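**Q** One file: target-v6.cif (mmCIF, C-alpha atoms).
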```cif
data_final
#
loop_
_atom_site.label_atom_id
_atom_site.label_comp_id
_atom_site.auth_asym_id
_atom_site.auth_seq_id
_atom_site.Cartn_x
_atom_site.Cartn_y
_atom_site.Cartn_z
CA MET A 43 42.85 10.18 -17.20
CA SER A 44 40.12 12.61 -17.97
CA ASN A 45 40.54 16.30 -17.21
CA HIS A 46 37.14 16.42 -15.57
CA ALA A 47 37.35 16.12 -11.80
CA VAL A 48 33.79 14.80 -11.56
CA SER A 49 32.49 12.22 -13.93
CA THR A 50 28.89 12.97 -14.87
CA ASN A 51 28.42 9.29 -15.55
CA SER A 52 28.53 8.32 -11.89
CA THR A 53 25.17 7.94 -10.11
CA TRP A 54 25.63 10.61 -7.46
CA ALA A 55 27.59 13.20 -9.46
CA GLY A 56 24.48 15.20 -10.28
CA GLY A 57 22.96 15.91 -13.64
CA LYS A 58 20.61 12.96 -13.40
CA SER A 59 18.14 11.33 -11.04
CA PRO A 60 20.05 8.77 -8.96
CA PHE A 61 17.00 6.55 -8.38
CA LYS A 62 15.68 7.13 -11.92
CA VAL A 63 12.43 8.61 -10.56
CA SER A 64 11.10 12.15 -10.78
CA TYR A 65 11.63 14.37 -7.75
CA GLY A 66 7.88 14.45 -7.06
CA LYS A 67 7.58 10.68 -6.85
CA LEU A 68 10.69 10.40 -4.68
CA MET A 69 9.33 13.01 -2.26
CA MET A 70 5.96 11.21 -2.17
CA TRP A 71 7.80 8.05 -1.10
CA PHE A 72 9.67 9.91 1.65
CA PHE A 73 6.47 11.59 2.84
CA LEU A 74 4.79 8.18 3.03
CA LEU A 75 7.74 6.83 4.99
CA SER A 76 7.32 9.61 7.56
CA ASP A 77 3.56 9.00 7.64
CA ALA A 78 4.27 5.31 8.21
CA PHE A 79 6.24 6.32 11.32
CA THR A 80 3.32 8.43 12.56
CA PHE A 81 0.89 5.56 12.22
CA SER A 82 3.42 3.12 13.68
CA SER A 83 3.67 5.28 16.79
CA LEU A 84 -0.11 5.41 17.14
CA LEU A 85 -0.57 1.68 16.63
CA VAL A 86 2.39 0.53 18.72
CA GLY A 87 1.20 2.92 21.45
CA TYR A 88 -2.27 1.38 21.16
CA GLY A 89 -0.72 -2.09 21.46
CA ALA A 90 1.14 -1.10 24.64
CA VAL A 91 -2.04 0.28 26.25
CA ARG A 92 -4.05 -2.72 25.03
CA PHE A 93 -1.70 -5.20 26.69
CA SER A 94 -1.53 -3.26 29.93
CA PHE A 95 -5.10 -4.60 30.42
CA PRO A 96 -6.08 -8.26 30.67
CA SER A 97 -8.55 -9.68 28.12
CA VAL A 98 -11.99 -10.83 29.24
CA ASP A 99 -12.31 -14.34 30.62
CA GLU A 100 -12.28 -16.83 27.74
CA THR A 101 -14.54 -19.44 29.38
CA GLU A 102 -17.23 -16.77 29.80
CA MET A 103 -16.76 -15.67 26.19
CA ALA A 104 -17.16 -19.30 25.05
CA ALA A 105 -20.35 -19.61 27.10
CA LEU A 106 -21.69 -16.41 25.56
CA ARG A 107 -20.98 -17.64 22.04
CA GLU A 108 -23.22 -20.66 22.75
CA GLU A 109 -25.92 -18.32 24.01
CA LEU A 110 -25.56 -15.83 21.19
CA PRO A 111 -25.20 -17.63 17.86
CA PHE A 112 -24.35 -15.83 14.64
CA ASN A 113 -27.15 -13.53 13.40
CA THR A 114 -29.20 -13.65 16.64
CA ASP A 115 -31.56 -10.66 16.84
CA VAL A 116 -29.90 -8.79 19.73
CA HIS A 117 -32.68 -6.19 19.97
CA GLU A 118 -35.27 -8.90 20.53
CA MET A 119 -33.05 -10.91 22.88
CA PHE A 120 -32.11 -8.00 25.16
CA HIS A 121 -35.29 -5.99 24.67
CA HIS A 122 -36.38 -6.22 28.31
CA HIS A 123 -32.89 -5.86 29.71
CA GLU A 124 -32.01 -2.52 31.23
CA GLY A 125 -29.34 -0.97 29.05
CA GLY A 126 -30.03 -3.49 26.27
CA PHE A 127 -27.16 -5.52 24.86
CA VAL A 128 -24.43 -3.30 26.32
CA GLY A 129 -26.07 -3.38 29.78
CA ALA A 130 -26.37 -7.17 29.65
CA MET A 131 -22.68 -7.53 28.75
CA GLN A 132 -21.73 -5.16 31.58
CA GLU A 133 -23.69 -7.34 33.99
CA LYS A 134 -21.86 -10.45 32.79
CA GLY A 135 -18.56 -8.62 33.38
CA LEU A 136 -17.67 -8.84 29.66
CA PHE A 137 -17.69 -5.04 29.38
CA ALA A 138 -15.74 -3.81 32.41
CA GLU A 139 -13.30 -0.99 33.01
CA THR A 140 -10.67 -3.45 34.21
CA HIS A 141 -10.73 -5.70 31.13
CA TRP A 142 -10.20 -5.10 27.43
CA PRO A 143 -13.43 -6.10 25.62
CA ALA A 144 -13.54 -8.73 22.86
CA PRO A 145 -13.87 -6.85 19.54
CA GLU A 146 -16.52 -9.30 18.30
CA LEU A 147 -18.92 -7.96 20.97
CA VAL A 148 -18.16 -4.30 20.32
CA PHE A 149 -18.29 -4.38 16.52
CA ASN A 150 -21.24 -6.66 15.81
CA HIS A 151 -23.63 -4.33 13.96
CA PHE A 152 -24.58 -4.33 10.31
CA PRO A 153 -26.78 -1.73 8.59
CA GLY A 154 -30.38 -2.79 8.09
CA THR A 155 -30.39 -5.65 10.60
CA HIS A 156 -30.41 -6.19 14.36
CA GLY A 157 -28.55 -9.49 13.98
CA HIS A 158 -25.38 -10.29 15.92
CA LEU A 159 -22.90 -10.17 13.02
CA PRO A 160 -19.45 -9.88 14.63
CA LEU A 161 -16.74 -8.25 12.47
CA MET A 162 -18.83 -8.60 9.29
CA PHE A 163 -19.24 -4.86 8.72
CA VAL A 164 -15.53 -4.12 9.16
CA SER A 165 -14.75 -6.97 6.73
CA LEU A 166 -17.00 -5.26 4.20
CA MET A 167 -15.16 -1.95 4.80
CA THR A 168 -11.82 -3.72 4.28
CA PHE A 169 -13.11 -5.26 1.05
CA ILE A 170 -14.29 -1.83 -0.21
CA LEU A 171 -10.86 -0.30 0.48
CA ILE A 172 -8.94 -3.18 -1.17
CA MET A 173 -11.27 -2.93 -4.18
CA SER A 174 -10.65 0.82 -4.49
CA SER A 175 -6.92 0.13 -4.31
CA VAL A 176 -7.32 -2.23 -7.28
CA THR A 177 -9.24 0.35 -9.33
CA MET A 178 -6.56 2.94 -8.42
CA VAL A 179 -3.71 0.73 -9.61
CA LEU A 180 -5.68 -0.02 -12.80
CA ALA A 181 -5.94 3.76 -13.37
CA VAL A 182 -2.17 4.03 -12.89
CA GLU A 183 -1.62 1.19 -15.37
CA ALA A 184 -3.94 2.85 -17.92
CA GLY A 185 -2.03 6.11 -17.42
CA GLN A 186 1.24 4.35 -18.25
CA ARG A 187 -0.35 3.39 -21.59
CA MET A 188 -1.68 6.99 -22.03
CA ASP A 189 -5.22 5.57 -22.17
CA LYS A 190 -7.24 8.61 -21.05
CA LYS A 191 -10.66 6.91 -21.17
CA LYS A 192 -9.59 4.04 -18.89
CA VAL A 193 -7.85 6.41 -16.45
CA GLN A 194 -11.12 8.37 -16.19
CA THR A 195 -13.22 5.27 -15.54
CA PHE A 196 -10.93 3.79 -12.90
CA MET A 197 -10.28 7.12 -11.13
CA LEU A 198 -14.05 7.59 -10.82
CA TRP A 199 -14.48 4.10 -9.33
CA THR A 200 -11.66 4.81 -6.87
CA ILE A 201 -13.41 7.99 -5.73
CA VAL A 202 -16.70 6.07 -5.36
CA GLY A 203 -14.90 3.40 -3.28
CA GLY A 204 -13.33 6.06 -1.04
CA LEU A 205 -16.67 7.77 -0.45
CA LEU A 206 -18.31 4.40 0.30
CA PHE A 207 -15.60 3.65 2.86
CA LEU A 208 -16.05 7.06 4.50
CA GLY A 209 -19.82 6.48 4.62
CA CYS A 210 -19.25 3.13 6.34
CA GLN A 211 -16.93 4.73 8.86
CA ALA A 212 -19.42 7.52 9.58
CA TRP A 213 -22.12 4.90 10.20
CA GLU A 214 -19.86 2.90 12.51
CA TRP A 215 -18.83 6.00 14.51
CA THR A 216 -22.49 7.07 14.82
CA LYS A 217 -23.40 3.62 16.14
CA PHE A 218 -20.46 3.55 18.57
CA ILE A 219 -21.14 7.08 19.87
CA GLY A 220 -24.88 6.37 20.07
CA GLU A 221 -24.17 3.45 22.37
CA GLY A 222 -22.27 5.75 24.73
CA ALA A 223 -18.64 5.60 23.61
CA LYS A 224 -17.00 9.03 23.91
CA LEU A 225 -13.45 10.30 24.30
CA TYR A 226 -13.84 10.30 28.10
CA THR A 227 -16.46 7.59 28.67
CA ASN A 228 -16.70 4.07 27.37
CA PRO A 229 -19.43 1.60 28.37
CA PHE A 230 -17.57 -1.18 26.52
CA GLY A 231 -14.47 -1.21 28.69
CA PRO A 232 -11.43 0.95 29.49
CA VAL A 233 -11.79 4.62 28.52
CA THR A 234 -8.50 4.50 26.59
CA PHE A 235 -10.08 1.94 24.25
CA ALA A 236 -12.74 4.38 22.99
CA ALA A 237 -10.34 7.35 23.03
CA LEU A 238 -7.71 5.53 20.96
CA PHE A 239 -10.37 4.11 18.64
CA PHE A 240 -11.60 7.60 17.78
CA LEU A 241 -8.05 8.98 17.57
CA VAL A 242 -6.59 6.31 15.28
CA THR A 243 -9.60 5.52 13.05
CA GLY A 244 -10.26 9.27 12.90
CA PHE A 245 -6.68 9.96 11.84
CA HIS A 246 -6.93 7.24 9.22
CA GLY A 247 -10.37 8.44 8.12
CA PHE A 248 -8.99 11.95 7.65
CA HIS A 249 -6.29 10.45 5.41
CA VAL A 250 -9.01 8.74 3.38
CA LEU A 251 -10.94 12.03 3.16
CA SER A 252 -7.90 13.96 1.95
CA GLY A 253 -7.13 11.07 -0.44
CA VAL A 254 -10.62 11.37 -1.92
CA VAL A 255 -10.21 15.16 -2.30
CA ILE A 256 -6.82 14.74 -4.01
CA ASN A 257 -8.27 12.00 -6.25
CA ILE A 258 -11.13 14.32 -7.27
CA ILE A 259 -8.65 17.08 -8.17
CA ILE A 260 -6.55 14.67 -10.23
CA TYR A 261 -9.73 13.28 -11.84
CA ILE A 262 -10.76 16.78 -12.95
CA ASN A 263 -7.26 17.31 -14.39
CA VAL A 264 -7.58 14.02 -16.29
CA LEU A 265 -10.93 15.15 -17.69
CA ARG A 266 -9.42 18.49 -18.75
CA GLY A 267 -6.59 16.71 -20.54
CA THR A 268 -3.85 18.26 -18.38
CA TYR A 269 -1.77 15.08 -18.36
CA GLU A 270 -2.44 14.36 -22.02
CA LYS A 271 -0.82 17.75 -22.74
CA ARG A 272 2.00 17.12 -20.23
CA GLY A 273 2.84 13.88 -21.98
CA HIS A 274 2.61 11.60 -18.95
CA TYR A 275 0.19 10.53 -16.22
CA GLU A 276 2.68 10.51 -13.37
CA MET A 277 0.38 12.59 -11.15
CA VAL A 278 -2.05 9.64 -11.21
CA GLU A 279 0.83 7.41 -10.13
CA LYS A 280 1.76 9.75 -7.25
CA THR A 281 -1.79 10.09 -5.94
CA GLY A 282 -2.02 6.32 -6.38
CA LEU A 283 0.97 5.88 -4.04
CA TYR A 284 -0.85 7.90 -1.40
CA TRP A 285 -4.09 5.99 -1.91
CA HIS A 286 -2.37 2.59 -1.58
CA PHE A 287 -0.65 3.80 1.56
CA VAL A 288 -4.05 4.64 3.08
CA ASP A 289 -5.10 1.06 2.27
CA LEU A 290 -1.88 -0.26 3.82
CA VAL A 291 -2.52 1.64 7.06
CA TRP A 292 -6.06 0.24 7.16
CA VAL A 293 -4.58 -3.29 7.10
CA PHE A 294 -2.95 -2.52 10.46
CA VAL A 295 -5.84 -0.50 11.93
CA PHE A 296 -8.04 -3.50 11.08
CA THR A 297 -5.54 -5.92 12.66
CA PHE A 298 -5.04 -3.97 15.88
CA PHE A 299 -8.52 -2.62 16.59
CA TYR A 300 -10.76 -5.38 15.28
CA LEU A 301 -8.73 -8.57 15.65
CA ILE A 302 -6.38 -8.21 18.59
CA MET B 179 13.34 28.30 -17.46
CA ALA B 180 15.10 28.91 -20.72
CA HIS B 181 12.80 26.75 -22.79
CA GLN B 182 9.56 28.71 -22.59
CA ASN B 183 8.48 28.25 -26.17
CA THR B 184 10.60 25.35 -27.33
CA PRO B 185 9.21 21.90 -26.53
CA VAL B 186 11.18 20.18 -23.76
CA ASP B 187 12.12 16.53 -23.91
CA ILE B 188 10.83 15.46 -20.50
CA HIS B 189 12.68 12.15 -20.74
CA ASP B 190 16.03 13.66 -21.78
CA GLU B 191 18.89 12.04 -19.83
CA GLU B 192 21.56 14.37 -21.22
CA ASN B 193 19.93 17.73 -20.44
CA TYR B 194 18.44 16.69 -17.14
CA ASP B 195 15.95 19.26 -15.82
CA PRO B 196 14.71 18.11 -12.40
CA THR B 197 11.58 20.29 -12.61
CA VAL B 198 10.15 18.37 -15.56
CA TRP B 199 12.18 15.19 -15.94
CA VAL B 200 10.30 11.89 -15.67
CA PRO B 201 11.38 8.43 -16.71
CA LYS B 202 9.48 6.86 -19.61
CA ALA B 203 6.43 5.07 -18.20
CA HIS B 204 5.64 1.57 -19.32
CA SER B 205 2.91 -0.77 -18.17
CA HIS B 206 3.71 -4.05 -16.47
CA GLY B 207 0.26 -5.44 -17.24
CA THR B 208 -2.67 -6.08 -14.94
CA LYS B 209 -2.23 -9.82 -14.33
CA GLY B 210 0.05 -9.38 -11.29
CA LEU B 211 -2.25 -6.73 -9.84
CA TRP B 212 -5.27 -9.03 -9.90
CA LYS B 213 -3.15 -11.77 -8.34
CA THR B 214 -2.30 -9.36 -5.49
CA PHE B 215 -5.99 -8.55 -5.10
CA TRP B 216 -6.91 -12.23 -4.68
CA ILE B 217 -4.04 -12.74 -2.20
CA LEU B 218 -5.18 -9.73 -0.12
CA LEU B 219 -8.78 -10.94 -0.18
CA PHE B 220 -7.73 -14.47 0.82
CA LEU B 221 -5.52 -13.24 3.69
CA THR B 222 -8.31 -10.97 5.02
CA ILE B 223 -10.79 -13.86 4.98
CA LEU B 224 -8.13 -16.02 6.66
CA ASP B 225 -7.87 -13.33 9.38
CA ILE B 226 -11.60 -13.58 10.10
CA ILE B 227 -11.55 -17.40 10.06
CA LEU B 228 -8.58 -17.52 12.46
CA TYR B 229 -10.30 -15.02 14.76
CA PHE B 230 -13.19 -17.41 15.29
CA MET B 231 -11.29 -20.73 15.06
CA MET B 232 -8.31 -20.00 17.31
CA ASP B 233 -8.25 -19.29 21.03
CA PRO B 234 -7.33 -15.71 21.88
CA GLY B 235 -3.73 -15.28 22.97
CA MET B 236 -0.27 -14.19 21.94
CA LEU B 237 0.07 -16.88 19.24
CA ARG B 238 -3.07 -15.65 17.48
CA ASN B 239 -1.97 -12.01 17.83
CA VAL B 240 1.45 -12.77 16.36
CA ILE B 241 -0.19 -14.59 13.42
CA PHE B 242 -2.45 -11.56 12.81
CA ILE B 243 0.52 -9.17 12.83
CA VAL B 244 2.58 -11.43 10.53
CA LEU B 245 -0.38 -11.66 8.12
CA GLY B 246 -0.65 -7.86 8.30
CA VAL B 247 3.01 -7.43 7.37
CA VAL B 248 2.59 -9.90 4.47
CA LYS B 249 -0.44 -7.93 3.20
CA ALA B 250 1.49 -4.66 3.56
CA ALA B 251 4.43 -6.13 1.60
CA PHE B 252 2.11 -7.13 -1.25
CA ILE B 253 0.57 -3.65 -1.33
CA VAL B 254 3.98 -1.91 -1.34
CA TYR B 255 5.71 -4.18 -3.84
CA SER B 256 2.82 -4.82 -6.24
CA PHE B 257 0.29 -1.96 -6.00
CA MET B 258 2.89 0.72 -5.28
CA HIS B 259 5.29 -0.79 -7.86
CA LEU B 260 8.26 -0.73 -5.46
CA THR B 261 9.44 -4.00 -6.99
CA PHE B 262 10.13 -2.13 -10.27
CA GLU B 263 12.18 0.64 -8.59
CA GLN B 264 15.95 0.85 -8.18
CA LYS B 265 17.56 -1.07 -5.35
CA GLY B 266 18.63 2.17 -3.63
CA LEU B 267 15.06 3.49 -3.51
CA LYS B 268 13.79 0.15 -2.21
CA MET B 269 16.36 0.19 0.57
CA SER B 270 15.68 3.80 1.57
CA ILE B 271 11.99 3.00 2.02
CA VAL B 272 12.14 -0.46 3.59
CA LEU B 273 15.23 -0.27 5.85
CA PRO B 274 14.08 2.70 8.04
CA MET B 275 11.16 0.55 9.17
CA ILE B 276 13.68 -1.07 11.53
CA PHE B 277 12.94 1.90 13.83
CA VAL B 278 9.41 0.54 14.28
CA VAL B 279 10.86 -2.76 15.50
CA TYR B 280 12.94 -0.75 17.95
CA LEU B 281 9.81 1.09 19.14
CA ILE B 282 8.01 -2.22 19.71
CA ALA B 283 10.94 -3.63 21.70
CA PHE B 284 11.15 -0.40 23.70
CA LEU B 285 7.46 -0.41 24.58
CA LEU B 286 7.49 -4.11 25.47
CA THR B 287 9.93 -3.35 28.27
CA GLU B 288 7.87 -0.31 29.31
CA ALA B 289 4.63 -2.31 29.42
CA ASP B 290 5.24 -3.32 33.05
CA TYR B 291 5.14 0.32 34.07
CA LEU B 292 1.99 0.96 32.00
CA ASN B 293 0.46 -2.01 33.81
CA SER B 294 0.96 -0.31 37.15
CA LEU B 295 -0.78 2.90 36.01
CA ASN B 296 -4.35 1.54 35.94
CA TRP B 297 -5.71 4.30 33.73
#
```
When written as C-alpha cells, how does the structure in this file appear?
**A**
Amino acid sequence: MSNHAVSTNSTWAGGKSPFKVSYGKLMMWFFLLSDAFTFSSLLVGYGAVRFSFPSVDETEMAALREELPFNTDVHEMFHHHEGGFVGAMQEKGLFAETHWPAPELVFNHFPGTHGHLPLMFVSLMTFILIMSSVTMVLAVEAGQRMDKKKVQTFMLWTIVGGLLFLGCQAWEWTKFIGEGAKLYTNPFGPVTFAALFFLVTGFHGFHVLSGVVINIIIYINVLRGTYEKRGHYEMVEKTGLYWHFVDLVWVFVFTFFYLI
Amino acid sequence: MAHQNTPVDIHDEENYDPTVWVPKAHSHGTKGLWKTFWILLFLTILDIILYFMMDPGMLRNVIFIVLGVVKAAFIVYSFMHLTFEQKGLKMSIVLPMIFVVYLIAFLLTEADYLNSLNW
C-alpha cells in the first residue's frame, strides 16, 4: 500500500484534465450545451404554437400549385389585384389568421427576379452556412498542423461566408417587413407566426453576427502571429466550435420555419 | 505564475497548469470533413425534394425532424470533432439533450390548452 491517500494517477484526483481537453474548450462545450437548451426552448415553443393552428386546406394548395407553376412572374400575374400576391392569397383563404400559412407561399422570393421560387432563397442561405462551416473546419485542421497561411485563408473565407449569410437574412427580413409582417401584425397568417419568425431568426442571426465578430478578432490574432507564438491554434478550434454550433442551430431553424 | 521568464511546457502532463495546458493537437485529415459536407448537402436537398413530393402532415414533419437530428449529429461528431473526444465528454454533452425530449413530451400534452387560446 502506498502512503499517499490520493493517487494522482486516477482520473478525478486532480493534477490533470479529466477529459484531456483544455479548460477553455471544455467551457465552450458547456456553454454550447446551455445555448442548445435556449434554442430548444424557442423551437419547441414555436412547434407548440404552430400545431395549435390548423394548416391551410391541402386541396386548395394543390389547386394553387397548378395555377402558379415554378418561376411564374408573380408581379405580372397579380399586378391588377388589390394587395398584389399577398392580397390574392388572403382572398383565397390561404393567408388567414385562423390557419398557419404554407411556407412555400411566404418564402418564395429571390433577389433579382419576380419569379415564384419557393424555398430556393433559404436553400441558398443554408448552402452558404454549410460551406462556411466547411471552411471553418478546414481552418481548424490547418491550425492543428500549425499551417499559418492556410488558417488565414480559410478563416477569411469563413468570415466572408458569415457576412454573406447575414446579408441574405437582412434581405429576407426587409422583404418580409415590406410586405407587412411586423411583431404585432401579419398579413400571411397568425400574428404569432411573424412574431416568432423575427424572434427566432433574429436570435440566430445575432449569434451569426457575434460569430463573425469573434472570427474577425481571431483572424487578426492569426495575422499577428499570436498563436504561432503561443505554440498552438486552439483558439481557432474554440471559435470553430461556436461557428459550427451556429450552423447546427440553423439546421433546426430551417426545418421548423421553412419546412414544417 | 512562477514561470514568468522560463518557457512553459504547455503539454506537460506531470506539472499540469490548467491556465496554459493543452493537449497536443494532431490533424485527422480533411477527407472525413468533405464527406460530411456532401452528406449535409445531400440531406438538405432531400429536405427540399420531400417538401414538394410528399403530402403535408405528421409523417413528413417527423421525417424532417429526424433528418435534422441526423444533420446535427454529423455536425457535432465530424465538424466539432466530438468523435475524437473522451467518452466522458461525449456523454456530458449528448446525454443532457434528453431534457429536450422531456420538453417536447410536456408541450405535446399542453397543446390542447394552447389550442383553446386562439391567440
**Q** Residues of chain B within 7 Å of chain A, counting only C-alpha atoms, what are they? List them as a list in words.
**A** Glu191, Tyr194, Pro196, Trp199, Val200, Pro201, Ala203, His204, Ser205, Phe215, Tyr229, Asn239, Phe242, Ile243, Gly246, Ala250, Ile253, Phe257, Met258, Gln264, Gly266, Leu267, Ile271, Val278, Ile282, Leu285, Ala289, Leu292 and Asn293 of chain B
**Q** For C-alpha atoms, I'd like the residues from the last selection saved as a PDB file, in the frame of the given file.
**A**
```pdb
ATOM      1  CA  GLU B 191      18.890  12.040 -19.830  1.00  0.00           C
ATOM      2  CA  TYR B 194      18.440  16.690 -17.140  1.00  0.00           C
ATOM      3  CA  PRO B 196      14.710  18.110 -12.400  1.00  0.00           C
ATOM      4  CA  TRP B 199      12.180  15.190 -15.940  1.00  0.00           C
ATOM      5  CA  VAL B 200      10.300  11.890 -15.670  1.00  0.00           C
ATOM      6  CA  PRO B 201      11.380   8.430 -16.710  1.00  0.00           C
ATOM      7  CA  ALA B 203       6.430   5.070 -18.200  1.00  0.00           C
ATOM      8  CA  HIS B 204       5.640   1.570 -19.320  1.00  0.00           C
ATOM      9  CA  SER B 205       2.910  -0.770 -18.170  1.00  0.00           C
ATOM     10  CA  PHE B 215      -5.990  -8.550  -5.100  1.00  0.00           C
ATOM     11  CA  TYR B 229     -10.300 -15.020  14.760  1.00  0.00           C
ATOM     12  CA  ASN B 239      -1.970 -12.010  17.830  1.00  0.00           C
ATOM     13  CA  PHE B 242      -2.450 -11.560  12.810  1.00  0.00           C
ATOM     14  CA  ILE B 243       0.520  -9.170  12.830  1.00  0.00           C
ATOM     15  CA  GLY B 246      -0.650  -7.860   8.300  1.00  0.00           C
ATOM     16  CA  ALA B 250       1.490  -4.660   3.560  1.00  0.00           C
ATOM     17  CA  ILE B 253       0.570  -3.650  -1.330  1.00  0.00           C
ATOM     18  CA  PHE B 257       0.290  -1.960  -6.000  1.00  0.00           C
ATOM     19  CA  MET B 258       2.890   0.720  -5.280  1.00  0.00           C
ATOM     20  CA  GLN B 264      15.950   0.850  -8.180  1.00  0.00           C
ATOM     21  CA  GLY B 266      18.630   2.170  -3.630  1.00  0.00           C
ATOM     22  CA  LEU B 267      15.060   3.490  -3.510  1.00  0.00           C
ATOM     23  CA  ILE B 271      11.990   3.000   2.020  1.00  0.00           C
ATOM     24  CA  VAL B 278       9.410   0.540  14.280  1.00  0.00           C
ATOM     25  CA  ILE B 282       8.010  -2.220  19.710  1.00  0.00           C
ATOM     26  CA  LEU B 285       7.460  -0.410  24.580  1.00  0.00           C
ATOM     27  CA  ALA B 289       4.630  -2.310  29.420  1.00  0.00           C
ATOM     28  CA  LEU B 292       1.990   0.960  32.000  1.00  0.00           C
ATOM     29  CA  ASN B 293       0.460  -2.010  33.810  1.00  0.00           C
TER      30      ASN B 293
END
```
**Q** Between CA of Val254 in chain A and CA of Gly204 in chain A, what is the distance in Å, rounded to a tenth?
**A** 6.0 Å
**Q** Counting all atoms listed in the file, what is within 12 Å of Gly222 in chain A, bar same-chain residues fewer than 6 positions away, as a list in words?
**A** Gly125, Val128, Gly129, Val148, Trp215, Thr216, Asn228, Pro229, Phe230, Gly231, Val233 and Ala236 of chain A
**Q** Evaluating the PyMOL selection byres ((chain A and resi 258) around 12) on the displayed file yields which residues, as a PyMOL selection string?
**A** chain A and resi 194+196-202+204-205+251-257+259-265+278+281
**Q** Any idea what the distance is between CA of Leu295 in chain B and CA of Glu102 in chain A?
**A**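 About the pair CA of Leu295 in chain B and CA of Glu102 in chain A: they are 26.4 Å apart.
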**Q** With distances taken over all atoms listed in the file, which of B:Val186, B:Val240, B:Ile276, B:Val248 is nearest to Thr222 in chain B?
**A**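 Closest candidate: B:Val248.
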**Q** Figure out the distance between CA of His158 in chain A and CA of Asp115 in chain A, please, to one decimal in Å.
**A**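 Rounded to one decimal, the two atoms are 6.3 Å apart.
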**Q** Extract, using only C-alpha atoms, all DNA, RNA and protein residues at most 7 Å from Gly157 in chain A, discarding same-chain residues fewer than 5 positions from it, and format them as a CSV table (one decimal) with C-alpha atoms, keeping the file's coordinate frame.
**A**
```
chain,number,residue,atom,x,y,z
A,113,ASN,CA,-27.2,-13.5,13.4
A,114,THR,CA,-29.2,-13.6,16.6
A,115,ASP,CA,-31.6,-10.7,16.8
A,116,VAL,CA,-29.9,-8.8,19.7
```
**Q** Just checking: using only C-alpha atoms, which residue out of A:Pro143, A:Lys224, A:His156, A:His151 ends up closest to His121 in chain A?
**A**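 Using only C-alpha atoms, His121 in chain A sits closest to A:His156.
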